$ cat final.cif   # mmCIF, C-alpha atoms
data_final
#
loop_
_atom_site.label_atom_id
_atom_site.label_comp_id
_atom_site.auth_asym_id
_atom_site.auth_seq_id
_atom_site.Cartn_x
_atom_site.Cartn_y
_atom_site.Cartn_z
CA MET A 1 98.97 84.94 108.80
CA ARG A 2 102.50 84.12 107.70
CA LYS A 3 103.50 84.55 104.09
CA ASP A 4 104.82 81.59 102.12
CA TRP A 5 108.09 83.09 100.91
CA SER A 6 108.47 80.38 98.26
CA ASP A 7 105.62 82.08 96.39
CA LYS A 8 106.44 85.69 95.46
CA ARG A 9 103.24 86.39 93.52
CA MET A 10 101.33 89.34 94.89
CA ASN A 11 98.03 88.29 96.45
CA THR A 12 95.85 91.39 96.44
CA SER A 13 93.11 89.90 98.63
CA ILE A 14 95.62 89.08 101.37
CA LEU A 15 97.20 92.52 101.09
CA LEU A 16 93.81 94.19 101.44
CA SER A 17 92.98 92.00 104.43
CA HIS A 18 96.30 92.79 106.10
CA SER A 19 95.93 96.52 105.49
CA ARG A 20 92.44 96.57 107.05
CA GLN A 21 93.71 94.54 109.99
CA ALA A 22 96.65 96.92 110.43
CA ARG A 23 94.39 99.97 110.33
CA ARG A 24 92.14 98.48 113.00
CA HIS A 25 95.21 97.82 115.16
CA ILE A 26 96.30 101.45 114.71
CA VAL A 27 92.94 102.82 115.86
CA GLU A 28 92.78 100.38 118.78
CA MET A 29 96.23 101.16 120.13
CA VAL A 30 96.00 104.94 119.75
CA ALA A 31 92.54 104.96 121.35
CA ALA A 32 93.82 102.83 124.25
CA ALA A 33 96.82 105.12 124.72
CA GLY A 34 94.73 108.27 124.57
CA SER A 35 97.49 109.83 122.46
CA GLY A 36 99.47 109.15 119.33
CA HIS A 37 99.48 109.87 115.63
CA PRO A 38 96.72 108.07 113.74
CA GLY A 39 96.53 110.24 110.60
CA GLY A 40 100.05 109.70 109.29
CA SER A 41 100.06 106.08 110.46
CA LEU A 42 96.97 105.33 108.38
CA SER A 43 98.36 107.11 105.31
CA CYS A 44 101.47 104.90 105.12
CA THR A 45 99.74 101.64 106.07
CA ASP A 46 99.43 100.31 102.52
CA VAL A 47 103.11 100.95 101.78
CA LEU A 48 104.14 99.11 104.95
CA THR A 49 101.66 96.32 104.27
CA TRP A 50 103.15 95.78 100.84
CA LEU A 51 106.72 95.84 102.14
CA TYR A 52 106.13 93.37 104.95
CA ASP A 53 104.02 91.07 102.79
CA GLU A 54 106.20 91.14 99.69
CA GLU A 55 109.76 92.18 100.53
CA ILE A 56 110.70 92.00 104.21
CA ASP A 57 110.81 88.50 105.71
CA LEU A 58 110.91 89.09 109.46
CA ASN A 59 112.12 85.52 110.01
CA ASP A 60 115.29 86.13 107.98
CA PRO A 61 118.17 87.71 109.97
CA MET A 62 119.62 89.07 106.70
CA ARG A 63 116.31 90.49 105.55
CA ASP A 64 115.88 93.83 103.82
CA ARG A 65 115.79 96.66 106.33
CA LEU A 66 113.22 99.38 106.93
CA VAL A 67 113.84 102.85 108.34
CA LEU A 68 110.57 104.51 109.33
CA SER A 69 111.95 108.02 109.25
CA LYS A 70 108.55 109.49 110.15
CA GLY A 71 108.88 107.82 113.53
CA HIS A 72 105.68 109.32 114.95
CA ALA A 73 103.89 106.81 112.66
CA ALA A 74 105.17 104.03 114.93
CA PRO A 75 101.63 102.59 115.33
CA ALA A 76 101.72 101.66 111.63
CA LEU A 77 104.94 99.72 112.20
CA TYR A 78 103.72 98.02 115.38
CA ALA A 79 100.53 97.05 113.55
CA GLN A 80 102.59 95.21 110.93
CA LEU A 81 104.49 93.33 113.61
CA ALA A 82 101.16 92.20 115.05
CA VAL A 83 99.75 91.23 111.65
CA HIS A 84 102.83 89.10 111.04
CA GLU A 85 102.69 87.50 114.48
CA ARG A 86 105.88 89.04 115.82
CA ILE A 87 104.10 90.62 118.77
CA ASP A 88 100.84 89.74 120.50
CA PRO A 89 97.95 92.04 119.49
CA GLU A 90 97.22 92.48 123.20
CA GLU A 91 100.60 94.18 123.57
CA LEU A 92 99.43 96.89 121.18
CA LEU A 93 97.17 98.17 123.94
CA THR A 94 100.27 99.11 125.95
CA LEU A 95 101.31 101.76 123.42
CA ARG A 96 102.97 104.74 125.13
CA LYS A 97 102.45 103.29 128.60
CA LEU A 98 105.24 103.33 131.18
CA GLY A 99 107.42 100.25 130.79
CA SER A 100 105.95 99.24 127.43
CA ARG A 101 108.18 98.16 124.56
CA LEU A 102 105.90 100.14 122.28
CA GLN A 103 107.12 103.68 122.71
CA GLY A 104 105.65 106.65 120.88
CA HIS A 105 108.53 106.33 118.42
CA PRO A 106 110.24 103.06 117.40
CA ASN A 107 113.08 101.88 119.64
CA MET A 108 115.33 99.15 118.23
CA ALA A 109 116.67 98.41 121.73
CA ASP A 110 113.24 97.16 122.79
CA LEU A 111 112.05 95.43 119.61
CA PRO A 112 114.48 93.30 117.56
CA ASP A 113 112.26 93.62 114.48
CA VAL A 114 112.76 97.40 114.46
CA ASP A 115 115.80 98.13 112.30
CA MET A 116 116.39 101.71 113.46
CA SER A 117 115.21 103.96 116.27
CA THR A 118 113.63 107.09 114.81
CA GLY A 119 111.74 110.12 115.98
CA SER A 120 113.59 113.35 115.31
CA LEU A 121 112.36 114.17 111.83
CA GLY A 122 114.80 114.43 108.95
CA GLN A 123 117.36 111.95 110.25
CA GLY A 124 116.04 108.62 109.03
CA LEU A 125 117.01 109.01 105.39
CA SER A 126 120.62 109.74 106.39
CA VAL A 127 120.65 106.51 108.39
CA ALA A 128 119.20 104.61 105.43
CA VAL A 129 121.92 106.03 103.17
CA GLY A 130 124.54 104.75 105.61
CA MET A 131 122.93 101.32 105.77
CA ALA A 132 122.72 101.01 102.00
CA TRP A 133 126.32 102.16 101.53
CA ALA A 134 127.58 99.70 104.17
CA ASP A 135 125.66 96.78 102.65
CA ARG A 136 127.10 97.51 99.22
CA TYR A 137 130.62 97.81 100.66
CA LEU A 138 130.23 94.46 102.42
CA GLY A 139 128.76 92.77 99.36
CA ARG A 140 125.33 92.14 100.88
CA ALA A 141 122.44 91.76 98.47
CA ARG A 142 119.72 93.19 100.69
CA ARG A 143 117.88 96.45 100.11
CA THR A 144 117.18 99.35 102.47
CA TRP A 145 113.71 100.86 102.39
CA CYS A 146 112.96 104.25 103.93
CA VAL A 147 109.58 105.87 104.57
CA CYS A 148 109.51 109.66 105.01
CA GLY A 149 106.70 112.20 105.33
CA ASP A 150 106.25 115.22 103.09
CA GLY A 151 106.34 117.62 106.04
CA GLU A 152 109.62 115.99 107.01
CA PHE A 153 111.09 117.11 103.68
CA GLU A 154 111.28 120.62 105.12
CA GLU A 155 114.35 119.43 107.04
CA GLY A 156 117.70 120.33 105.48
CA GLN A 157 119.34 117.05 106.49
CA ILE A 158 116.96 115.25 104.13
CA TRP A 159 118.49 116.98 101.14
CA GLU A 160 122.05 116.26 102.28
CA ALA A 161 121.10 112.58 102.37
CA VAL A 162 119.44 112.82 98.95
CA MET A 163 122.62 114.34 97.53
CA ALA A 164 124.88 111.70 99.11
CA ALA A 165 122.74 108.79 97.90
CA ALA A 166 122.93 110.05 94.32
CA LYS A 167 126.66 110.73 94.53
CA TYR A 168 127.36 107.14 95.62
CA LYS A 169 124.76 105.66 93.25
CA LEU A 170 123.07 103.67 96.00
CA ALA A 171 120.83 101.53 93.83
CA ASN A 172 119.99 99.38 96.87
CA LEU A 173 118.18 102.28 98.53
CA THR A 174 114.49 102.98 97.94
CA LEU A 175 112.55 105.88 99.44
CA PHE A 176 108.79 106.04 99.87
CA LEU A 177 107.72 109.66 100.32
CA ASP A 178 104.31 109.64 101.99
CA GLU A 179 102.80 112.74 100.40
CA ASN A 180 99.52 113.14 102.26
CA GLY A 181 99.72 116.93 102.03
CA LEU A 182 99.15 117.63 105.75
CA GLN A 183 101.28 118.10 108.83
CA ILE A 184 100.53 119.10 112.41
CA ASP A 185 100.08 122.80 111.57
CA GLY A 186 97.97 122.33 108.45
CA LYS A 187 98.72 121.98 104.75
CA VAL A 188 102.35 121.23 103.99
CA LEU A 189 102.32 123.80 101.19
CA ASP A 190 101.17 126.50 103.59
CA VAL A 191 103.79 125.65 106.23
CA GLY A 192 106.89 125.39 104.09
CA GLY A 193 106.75 122.44 101.72
CA MET A 194 106.78 122.27 97.95
CA ASP A 195 104.53 120.93 95.22
CA ASP A 196 107.16 119.19 93.07
CA TYR A 197 109.02 116.62 95.13
CA ALA A 198 109.44 114.44 92.06
CA GLY A 199 111.15 117.22 90.12
CA ALA A 200 113.46 118.04 93.03
CA LEU A 201 114.50 114.43 93.55
CA LYS A 202 115.10 113.95 89.83
CA ALA A 203 117.29 117.06 89.82
CA PHE A 204 119.49 115.38 92.42
CA GLY A 205 119.88 112.33 90.17
CA TRP A 206 117.35 109.91 91.66
CA ASN A 207 115.14 107.50 89.77
CA VAL A 208 111.67 108.85 90.60
CA LEU A 209 108.11 107.66 90.08
CA GLU A 210 104.85 109.20 91.26
CA ILE A 211 102.30 106.62 92.36
CA ASP A 212 99.07 106.13 94.29
CA GLY A 213 100.40 105.04 97.67
CA HIS A 214 97.24 103.03 98.35
CA ASP A 215 97.39 100.99 95.12
CA PHE A 216 99.29 97.73 95.60
CA GLY A 217 99.65 97.18 91.86
CA GLN A 218 101.32 100.58 91.40
CA ILE A 219 103.61 99.92 94.36
CA GLU A 220 104.64 96.57 92.89
CA THR A 221 105.34 98.08 89.46
CA ALA A 222 107.39 100.90 90.98
CA VAL A 223 109.51 98.53 93.06
CA ALA A 224 110.23 96.41 89.99
CA CYS A 225 111.41 99.58 88.27
CA ALA A 226 113.63 100.47 91.23
CA LYS A 227 115.29 97.08 91.16
CA GLY A 228 116.23 97.64 87.55
CA SER A 229 117.73 101.07 88.16
CA GLY A 230 121.37 101.83 88.78
CA MET A 231 120.48 104.78 91.02
CA PRO A 232 118.62 105.28 94.29
CA SER A 233 114.88 105.30 93.71
CA ALA A 234 112.15 107.43 95.21
CA PHE A 235 108.42 106.92 94.98
CA VAL A 236 106.34 110.01 95.59
CA CYS A 237 103.28 108.30 97.06
CA HIS A 238 100.08 110.31 96.82
CA THR A 239 98.16 109.29 99.94
CA VAL A 240 95.27 110.34 102.14
CA LYS A 241 95.96 111.29 105.74
CA GLY A 242 93.73 109.15 107.94
CA LYS A 243 93.01 106.73 105.06
CA GLY A 244 90.27 104.22 105.84
CA VAL A 245 88.54 106.18 108.62
CA SER A 246 86.09 108.62 107.06
CA TYR A 247 86.12 111.32 109.73
CA MET A 248 89.93 111.35 109.80
CA GLU A 249 90.56 111.50 106.07
CA ASN A 250 92.26 114.72 104.91
CA VAL A 251 91.81 116.37 108.32
CA ALA A 252 95.03 117.86 109.69
CA GLY A 253 93.73 117.72 113.26
CA TRP A 254 94.09 113.94 113.26
CA HIS A 255 97.85 114.21 112.88
CA GLY A 256 98.33 113.78 116.62
CA LYS A 257 94.96 113.21 118.29
CA ALA A 258 93.45 110.02 119.66
CA PRO A 259 89.85 109.02 118.94
CA ASN A 260 87.47 108.76 121.87
CA ALA A 261 85.52 105.56 122.53
CA GLU A 262 82.60 106.49 120.24
CA GLN A 263 84.91 107.56 117.42
CA ALA A 264 86.93 104.38 117.81
CA ARG A 265 83.76 102.26 117.50
CA GLN A 266 82.81 104.09 114.31
CA ALA A 267 86.28 103.44 112.91
CA TYR A 268 86.06 99.73 113.77
CA GLU A 269 82.75 99.48 111.93
CA GLU A 270 84.17 101.15 108.84
CA LEU A 271 87.25 98.95 108.87
CA GLU A 272 85.14 95.79 109.20
CA ALA A 273 83.02 96.71 106.14
#

$ encode --input "final.cif" --output "structure tokens"
Amino acid sequence: MRKDWSDKRMNTSILLSHSRQARRHIVEMVAAAGSGHPGGSLSCTDVLTWLYDEEIDLNDPMRDRLVLSKGHAAPALYAQLAVHERIDPEELLTLRKLGSRLQGHPNMADLPDVDMSTGSLGQGLSVAVGMAWADRYLGRARRTWCVCGDGEFEEGQIWEAVMAAAKYKLANLTLFLDENGLQIDGKVLDVGGMDDYAGALKAFGWNVLEIDGHDFGQIETAVACAKGSGMPSAFVCHTVKGKGVSYMENVAGWHGKAPNAEQARQAYEELEA
């Protein structure tokens, strides 16, 4: 279903429909591949749904750009491209297969709607900083959006990018930090993370809000705030790993494990409810 970009009013029922559709796509493609990362893809689905429904017009060559820094969540990105009719849903079933355009991490060389190839954690925010700085230098009005994971914030390069964005007052840069609290080895706090991302980002000079990353109204309000700020903005999004699939929710083991056929059927039923 294509959005009418002449009408910028948020339609919650369409957003909810698109998020459910995207989640079903994620389960289908990961199950078909027999590998992938469903947990973190499901946790950032609502953020990506909101962005592609409300901010990023894939038909506009000068659209806002998205850097999915947590590149292992590629299924969440591919699901959006299917929801918005940029790729055939049947192609989703080729995820991670030899010769497929849908690699395990996004590849901009294969898909023109992917704005940046990502995969090695910690690097995406630096790329987004460069994009935002270049657009401002060239006088372009578009915004750069970046989605990172909380486990990814253990990487030192993240904080170099945070510092640079504040130094250059990149008000056209917005970060969504997907704080689902889990990474491949367990709880982020137990592995090496922190419990005050908002405080740390504020200390670097960012405009920061903490929101429910599954609440479209809170996302909309936060983005409006970001657009009125003269600094880069970060939204610490409290999310649930595996959101929408009961047996995956808040279970670290679903970071990088594919559901079997029976588990996939259960997920489909839940996502059709």

$ residues_around --input "final.cif" --residues "stretch 213-230 of chain A" --least-positions-apart "6" --cutoff "6 Å" --atoms "only C-alpha atoms" --output "PyMOL selection string"
chain A and resi 46+171+237-239

$ closest_residue --input "final.cif" --among "A:Glu91, A:Glu249, A:Gly242, A:Trp145" --to "A:Arg23" --atoms "only C-alpha atoms"
A:Gly242

$ resolve_selection --input "final.cif" --expression "the PyMOL selection byres ((chain A and resi 113-124) around 8)" --output "PyMOL selection string"
chain A and resi 58+65-72+81+86+105-109+111-112+125-128+146+148+152-153+155-158

$ residues_around --input "final.cif" --residues "stretch 188-191 of chain A" --least-positions-apart "4" --cutoff "12 Å" --atoms "only C-alpha atoms" --output "ChimeraX atom specification"
/A:149-154,178-184,195-197,241,252

$ closest_residue --input "final.cif" --among "A:Ala261, A:Met231, A:Ala32, A:Leu48" --to "A:Tyr168" --atoms "all atoms listed in the file"
A:Met231

$ atom_distance --input "final.cif" --atom1 "atom CA of A:Val147" --atom2 "atom CA of A:Gln21"
20.2 Å

$ resolve_selection --input "final.cif" --expression "the PyMOL selection byres ((chain A and resi 20) around 12)" --output "NGL selection string"
:A and (13-19 or 21-27 or 42 or 45-46 or 49 or 76 or 79-80 or 83 or 214 or 243-245 or 267-273)

$ resolve_selection --input "final.cif" --expression "the PyMOL selection byres ((chain A and resi 133) around 9)" --output "PDB file with C-alpha atoms, in the coordinates of the input"
ATOM      1  CA  ALA A 128     119.200 104.610 105.430  1.00  0.00           C
ATOM      2  CA  VAL A 129     121.920 106.030 103.170  1.00  0.00           C
ATOM      3  CA  GLY A 130     124.540 104.750 105.610  1.00  0.00           C
ATOM      4  CA  MET A 131     122.930 101.320 105.770  1.00  0.00           C
ATOM      5  CA  ALA A 132     122.720 101.010 102.000  1.00  0.00           C
ATOM      6  CA  ALA A 134     127.580  99.700 104.170  1.00  0.00           C
ATOM      7  CA  ASP A 135     125.660  96.780 102.650  1.00  0.00           C
ATOM      8  CA  ARG A 136     127.100  97.510  99.220  1.00  0.00           C
ATOM      9  CA  TYR A 137     130.620  97.810 100.660  1.00  0.00           C
ATOM     10  CA  LEU A 138     130.230  94.460 102.420  1.00  0.00           C
ATOM     11  CA  ALA A 165     122.740 108.790  97.900  1.00  0.00           C
ATOM     12  CA  TYR A 168     127.360 107.140  95.620  1.00  0.00           C
ATOM     13  CA  LEU A 170     123.070 103.670  96.000  1.00  0.00           C
ATOM     14  CA  ASN A 172     119.990  99.380  96.870  1.00  0.00           C
ATOM     15  CA  LEU A 173     118.180 102.280  98.530  1.00  0.00           C
TER      16      LEU A 173
END

$ atom_distance --input "final.cif" --atom1 "atom CA of A:Ser35" --atom2 "atom CA of A:Tyr78"
15.1 Å

$ axis_aligned_box --input "final.cif" --around "stretch 146-164 of chain A" --padding-each-side "6 Å" --output "lines of an AutoDock Vina configuration file"
center_x = 115.6
center_y = 112.4
center_z = 102.3
size_x = 30.6
size_y = 28.4
size_z = 21.5

$ closest_residue --input "final.cif" --among "A:Thr144, A:Thr174, A:Asp88, A:Val236" --to "A:Gly199" --atoms "only C-alpha atoms"
A:Val236

$ atom_distance --input "final.cif" --atom1 "atom CA of A:Pro232" --atom2 "atom CA of A:Leu77"
23.2 Å

$ residues_around --input "final.cif" --residues "A:Gly36" --least-positions-apart "2" --cutoff "12 Å" --atoms "only C-alpha atoms" --output "PyMOL selection string"
chain A and resi 26-34+38-42+71-76+95-97+102-105+253-259

$ closest_residue --input "final.cif" --among "A:Tyr52, A:Asp212, A:Lys187, A:Ala203" --to "A:Val251" --atoms "all atoms listed in the file"
A:Lys187

$ residues_near_point --input "final.cif" --point "(112.8, 114.9, 93.8)" --cutoff "10 Å" --atoms "only C-alpha atoms" --output "number ranges by chain"
A: 159, 162, 177, 196-209, 233-236

$ closest_residue --input "final.cif" --among "A:Met10, A:Ile87, A:Arg265, A:Met248" --to "A:Ser43" --atoms "all atoms listed in the file"
A:Met248

$ decode --input "final.cif" --residues "stretch 99-129 of chain A" --atoms "N, CA, C and O atoms" --output "CSV table (one decimal), in the first residue's frame"
chain,number,residue,atom,x,y,z
A,99,GLY,N,23.5,-15.9,-4.5
A,99,GLY,CA,23.0,-15.1,-5.6
A,99,GLY,C,21.9,-14.2,-5.3
A,99,GLY,O,21.5,-13.4,-6.2
A,100,SER,N,21.3,-14.2,-4.1
A,100,SER,CA,20.2,-13.3,-3.8
A,100,SER,C,20.7,-11.9,-3.5
A,100,SER,O,21.8,-11.7,-3.1
A,101,ARG,N,19.8,-11.0,-3.8
A,101,ARG,CA,20.1,-9.6,-3.5
A,101,ARG,C,20.0,-9.3,-2.0
A,101,ARG,O,20.5,-8.3,-1.5
A,102,LEU,N,19.3,-10.2,-1.4
A,102,LEU,CA,19.0,-10.0,0.1
A,102,LEU,C,20.0,-10.7,0.9
A,102,LEU,O,19.8,-11.8,1.4
A,103,GLN,N,21.2,-10.1,1.1
A,103,GLN,CA,22.2,-10.7,1.9
A,103,GLN,C,21.9,-10.6,3.4
A,103,GLN,O,20.9,-9.9,3.8
A,104,GLY,N,22.7,-11.2,4.2
A,104,GLY,CA,22.5,-11.2,5.6
A,104,GLY,C,22.6,-9.8,6.2
A,104,GLY,O,22.1,-9.6,7.3
A,105,HIS,N,23.3,-9.0,5.5
A,105,HIS,CA,23.4,-7.5,5.9
A,105,HIS,C,23.2,-6.7,4.7
A,105,HIS,O,23.5,-7.1,3.6
A,106,PRO,N,22.6,-5.5,4.8
A,106,PRO,CA,22.2,-4.7,3.7
A,106,PRO,C,23.4,-4.4,2.8
A,106,PRO,O,24.5,-4.0,3.2
A,107,ASN,N,23.2,-4.5,1.4
A,107,ASN,CA,24.2,-4.2,0.5
A,107,ASN,C,23.6,-3.2,-0.5
A,107,ASN,O,22.8,-3.5,-1.4
A,108,MET,N,24.1,-1.9,-0.5
A,108,MET,CA,23.6,-0.9,-1.4
A,108,MET,C,23.9,-1.1,-2.8
A,108,MET,O,23.2,-0.6,-3.7
A,109,ALA,N,24.9,-2.0,-3.1
A,109,ALA,CA,25.2,-2.3,-4.5
A,109,ALA,C,24.2,-3.2,-5.2
A,109,ALA,O,24.0,-3.2,-6.4
A,110,ASP,N,23.4,-3.9,-4.4
A,110,ASP,CA,22.4,-4.8,-4.9
A,110,ASP,C,21.0,-4.2,-4.9
A,110,ASP,O,20.2,-4.5,-5.7
A,111,LEU,N,20.7,-3.3,-3.9
A,111,LEU,CA,19.4,-2.8,-3.7
A,111,LEU,C,19.5,-1.2,-3.7
A,111,LEU,O,20.0,-0.6,-2.8
A,112,PRO,N,19.0,-0.6,-4.7
A,112,PRO,CA,19.1,0.9,-4.8
A,112,PRO,C,18.3,1.6,-3.7
A,112,PRO,O,18.6,2.8,-3.4
A,113,ASP,N,17.4,1.0,-3.0
A,113,ASP,CA,16.7,1.6,-1.9
A,113,ASP,C,17.4,1.5,-0.6
A,113,ASP,O,17.0,2.0,0.4
A,114,VAL,N,18.5,0.8,-0.6
A,114,VAL,CA,19.4,0.7,0.6
A,114,VAL,C,20.4,1.9,0.5
A,114,VAL,O,21.2,2.0,-0.5
A,115,ASP,N,20.4,2.8,1.5
A,115,ASP,CA,21.3,4.0,1.4
A,115,ASP,C,22.7,3.7,1.8
A,115,ASP,O,23.6,4.5,1.5
A,116,MET,N,23.0,2.7,2.6
A,116,MET,CA,24.3,2.4,3.0
A,116,MET,C,24.5,0.9,3.4
A,116,MET,O,23.6,0.3,4.1
A,117,SER,N,25.5,0.3,2.9
A,117,SER,CA,25.9,-1.1,3.3
A,117,SER,C,26.4,-1.1,4.7
A,117,SER,O,27.2,-0.2,5.1
A,118,THR,N,25.9,-2.0,5.5
A,118,THR,CA,26.3,-2.0,6.9
A,118,THR,C,26.4,-3.5,7.4
A,118,THR,O,26.0,-4.4,6.7
A,119,GLY,N,27.0,-3.6,8.5
A,119,GLY,CA,27.3,-5.0,9.0
A,119,GLY,C,28.2,-5.0,10.2
A,119,GLY,O,27.9,-5.5,11.3
A,120,SER,N,29.4,-4.4,10.0
A,120,SER,CA,30.4,-4.4,11.1
A,120,SER,C,29.9,-3.3,12.1
A,120,SER,O,29.8,-2.1,11.8
A,121,LEU,N,29.5,-3.8,13.3
A,121,LEU,CA,28.8,-2.9,14.2
A,121,LEU,C,29.7,-1.8,14.7
A,121,LEU,O,30.9,-1.9,14.8
A,122,GLY,N,29.1,-0.6,14.9
A,122,GLY,CA,29.7,0.6,15.4
A,122,GLY,C,30.1,1.6,14.3
A,122,GLY,O,30.4,2.7,14.6
A,123,GLN,N,30.0,1.2,13.0
A,123,GLN,CA,30.4,2.0,11.9
A,123,GLN,C,29.3,2.9,11.3
A,123,GLN,O,29.6,3.9,10.7
A,124,GLY,N,28.0,2.4,11.4
A,124,GLY,CA,27.0,3.1,10.8
A,124,GLY,C,26.7,4.6,11.2
A,124,GLY,O,26.4,5.4,10.4
A,125,LEU,N,26.9,4.8,12.5
A,125,LEU,CA,26.7,6.2,13.0
A,125,LEU,C,27.7,7.2,12.4
A,125,LEU,O,27.4,8.3,12.1
A,126,SER,N,28.9,6.7,12.2
A,126,SER,CA,30.0,7.5,11.6
A,126,SER,C,29.6,7.9,10.2
A,126,SER,O,29.8,9.0,9.7
A,127,VAL,N,29.1,6.9,9.5
A,127,VAL,CA,28.6,7.1,8.1
A,127,VAL,C,27.5,8.2,8.1
A,127,VAL,O,27.5,9.1,7.3
A,128,ALA,N,26.5,8.0,9.0
A,128,ALA,CA,25.4,8.9,9.1
A,128,ALA,C,25.9,10.4,9.4
A,128,ALA,O,25.3,11.3,8.8
A,129,VAL,N,26.9,10.5,10.2
A,129,VAL,CA,27.4,11.8,10.5
A,129,VAL,C,28.0,12.4,9.3
A,129,VAL,O,27.8,13.6,9.0
